[in-house]
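Worksheet: the structure to be examined is printed underneath.
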Amino acid sequence: MSQELFSYNPKSPTDSILMSASEGKRITPSEALHLYQEADYLKVMSVARYLRDKVLSHEYASYTGFRVVNYTNYCNVECSFCSFMDEIGSGKGYNLTEKEILEKMDYSVQMGADQIFLQGGVNPELPYSYYLEILRSIRNKFPKMHIRAFSPVEIINLEKITAKPLKEVLIELKEAGLDSVPGAGAEVLTERMRNIISPKKASVDEWVRAMETCHEVGLPGSANIVIGSEETKEEIIEHLNVVRNLQDRTGGFLSFIPWTFQPQTKKFFIRHVPTHEYLKVLGICRIFLDNIPHIETSVMVLGKGVGELALYSGADDISSIVIEENVLRSFGLKTEKEAIKFLTGAGFQARKRDLFYNYTEPVERILA
Ligand code: SF4
């Protein structure tokens with residue numbers, strides 16, 4: 001570093017932590033908490049940006065695109081923030097058939113999608129064969145399609161309904177076509193917060209076990225945190241520490257995505273997260289998670305203004321163009337041209353990447 005990054009005061013504990021981080025030294029959870037509680041967010045952003053530029057040149061920022069297919073909205077987990085699910089047996093929800101999923105895929109391929117994100121509620125009435133068959137059908141019909149699917153809570157449901165070891169289930173899903181797994185369902189990884197917002201969801205230990213086993217069998221993915229409810233600053237850092245420790249063991253997280261809870265139901269307390277706080281948390285993610293290469297922001301959830309600033313605060317990617325998203329209110333970019341225009345307007349050259357973070361086509365071809 002780096003004293004040019006910010007006006008450095010060697011007597012300031014905050015500045016010492018930031019200086020140390022900028023020199024590539026790992027910071028401790030208590031140092032991360034100190035930054036959250038005490039640091040000027042502009043200093044955090046400055047160091048986070050500096051570290052981000054070591055992963056992807058400051059000229060560039062990336063995007064990807066995928067089709068989301070929510071294969072069922074029946075769910076027995078009842079997260080208090082969720083307005084997507086219908087109760088099993090209510091007759092109000094849906095389970096997509098294999099044919100309906102393939103029809104959605106046909107449409108997506110016509111729109112240029114080569115990546116799919118399959119996610120649904122936890123519906124124990126769907127047999128294990130349903131999951132294997134939809135993966136195999138997609139793989140057979142679209143051999144090059146990247147299939148990212150099933151959050152830890154869905155994976156644990158499959159472990160329960162098959163009564164097989166989790167590793168065996170994951171190997172079978174992989175053989176059927178699964179390429180990677182999403183970071184969904186983490187929210188805040190502390191037992192206190194899980195008891196408040198989703199007591200029936202996978203516990204912290206179960207979430208870690210599911211992700212660790214995915215990574216062991218060669219199913220990498222992402223991780224996330226969702227802030228803006230009753231969580232404390234300490235719990236946010238605890239969450240990051242759970243993820244960093246797991247990543248030290250497996251190396252399976254390609255990216256990390258901090259975002260905020262969206263108002264969906266009245267059963268759930270939401271606090272407004274000021275933009276400077278979101279950017280500070282994002283910067284701390286970049287600094288603390290020194291073993292995860294990519295930090296994404298979500299333009300879909302946070303909007304374009306915050307998304308632009310996030311790219312100057314440690315994020316190197318805007319996540320995605322999402323074709324169909326039922327679970328979240330979306331400010332999303334609908335087409336590749338919109339994504340490229342957004343990134344260009346924010347001062348970057350757009351790089352397209354796939355879900356494994358291989359940078360793909362030159363964007364000039366997309367704009368032509
Ligand atoms: S967020 Fe997912 S697991 Fe939770 S209730 Fe909604 S569909 Fe079920």
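Numbering starts fresh at 1 for the residues of each chain in the structure tokens, the chains themselves are lettered A, B, ... in the order given, and ligands are numbered from 1 as they appear.
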Exercise for the section: Using only C-alpha atoms and all ligand atoms, determine which residues fall within 6 Å of ligand 1, then list them as a count of residues only. Expected result: 10
Exercise for the section: Step one, run DSSP on the backbone; step two, keep only residues of region 123-303 of chain A assigned to alpha helix (DSSP H); then write them as number ranges by chain. Expected result: A: 128-141, 152-162, 166-176, 191-197, 204-216, 233-250, 275-288, 299-302
Practice task
Return the single residue from A:Phe356, A:Phe261, A:Tyr94, A:Phe253 that is closest to Tyr278 (chain A), with distances computed using only C-alpha atoms.
Solution key: A:Phe261
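The closest residue to Pro29 (chain A), picked from A:Tyr359, A:Glu238, A:Arg52, A:Pro199 and counting only C-alpha atoms, is A:Glu238.
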Exercise for the section: Find the spatial neighbours of region 41-49 of chain A, counting only C-alpha atoms, within a cut-off of 8 Å - ignore same-chain residues fewer than 3 positions away - and output them as a list in words. Expected result: Leu5, Phe6, Leu18, Ala21, Ser22, Leu35, Arg52, Asp53, His276, Glu277, Leu279, Lys280, Gly283, Ile284, Arg286, Ile287, Leu311, Tyr312, Ser313, Gly314 and Ala315 of chain A
Practice task
May I have all residues of region 90-137 of chain A that DSSP, computed from the backbone, assigns to strand (DSSP E or B), given as JSON, numbers by chain?
Solution key: {"A": [95, 115, 116, 117, 118, 119]}
Exercise for the section: Give the answer as one residue: which of A:Ala223, A:Ile27, A:Ile116, A:Val69 has the shortest atom-to-atom distance to Thr97 (chain A), using only C-alpha atoms? Expected result: A:Val69
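Restricting the calculation to only C-alpha atoms, the smallest distance between His58 (chain A) and any of A:Val273, A:Met105, A:Ala350, A:Leu254 is found for A:Ala350.
Excluding Gly183 (chain A) itself and same-chain residues fewer than 5 positions from it, the residues having an atom within 9 Å of it are Ser151, Pro152, Met211, Gly221, Ser222, Ala223, Asn224, Ile225, Phe253, Phe256 and Ile257 of chain A, counting only C-alpha atoms.
Each of A:Ser320, A:Cys285, A:Gly251, A:Ile270 was checked against Val68 (chain A) using only C-alpha atoms; the smallest atom-to-atom distance is that of A:Ser320.
Using only C-alpha atoms, the shortest contact distance between Gly65 (chain A) and any of A:His146, A:Lys11, A:Lys164, A:Lys92 is found at A:His146.
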When you look at Leu33 (chain A) with a cut-off of 10 Å (counting only C-alpha atoms), what residues show up, excluding the ones that are within fewer than 3 positions of it in the same chain? I need them as a tab-separated table (two decimals) with C-alpha atoms, in the first residue's frame.
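Generated file (out33.tsv):
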chain	number	residue	atom	x	y	z
A	28	THR	CA	-9.07	-10.94	12.68
A	29	PRO	CA	-12.81	-10.99	13.42
A	30	SER	CA	-12.32	-8.45	16.21
A	36	TYR	CA	-17.49	-1.85	11.24
A	37	GLN	CA	-17.94	0.06	14.48
A	38	GLU	CA	-15.29	2.75	14.16
A	39	ALA	CA	-13.90	3.21	10.68
A	233	LYS	CA	-22.76	-5.97	13.82
A	234	GLU	CA	-21.14	-8.81	15.80
A	235	GLU	CA	-23.40	-11.32	14.03
A	236	ILE	CA	-22.46	-9.99	10.61
A	237	ILE	CA	-18.79	-10.52	11.40
A	238	GLU	CA	-19.57	-13.95	12.90
A	284	ILE	CA	-15.33	-5.30	4.96
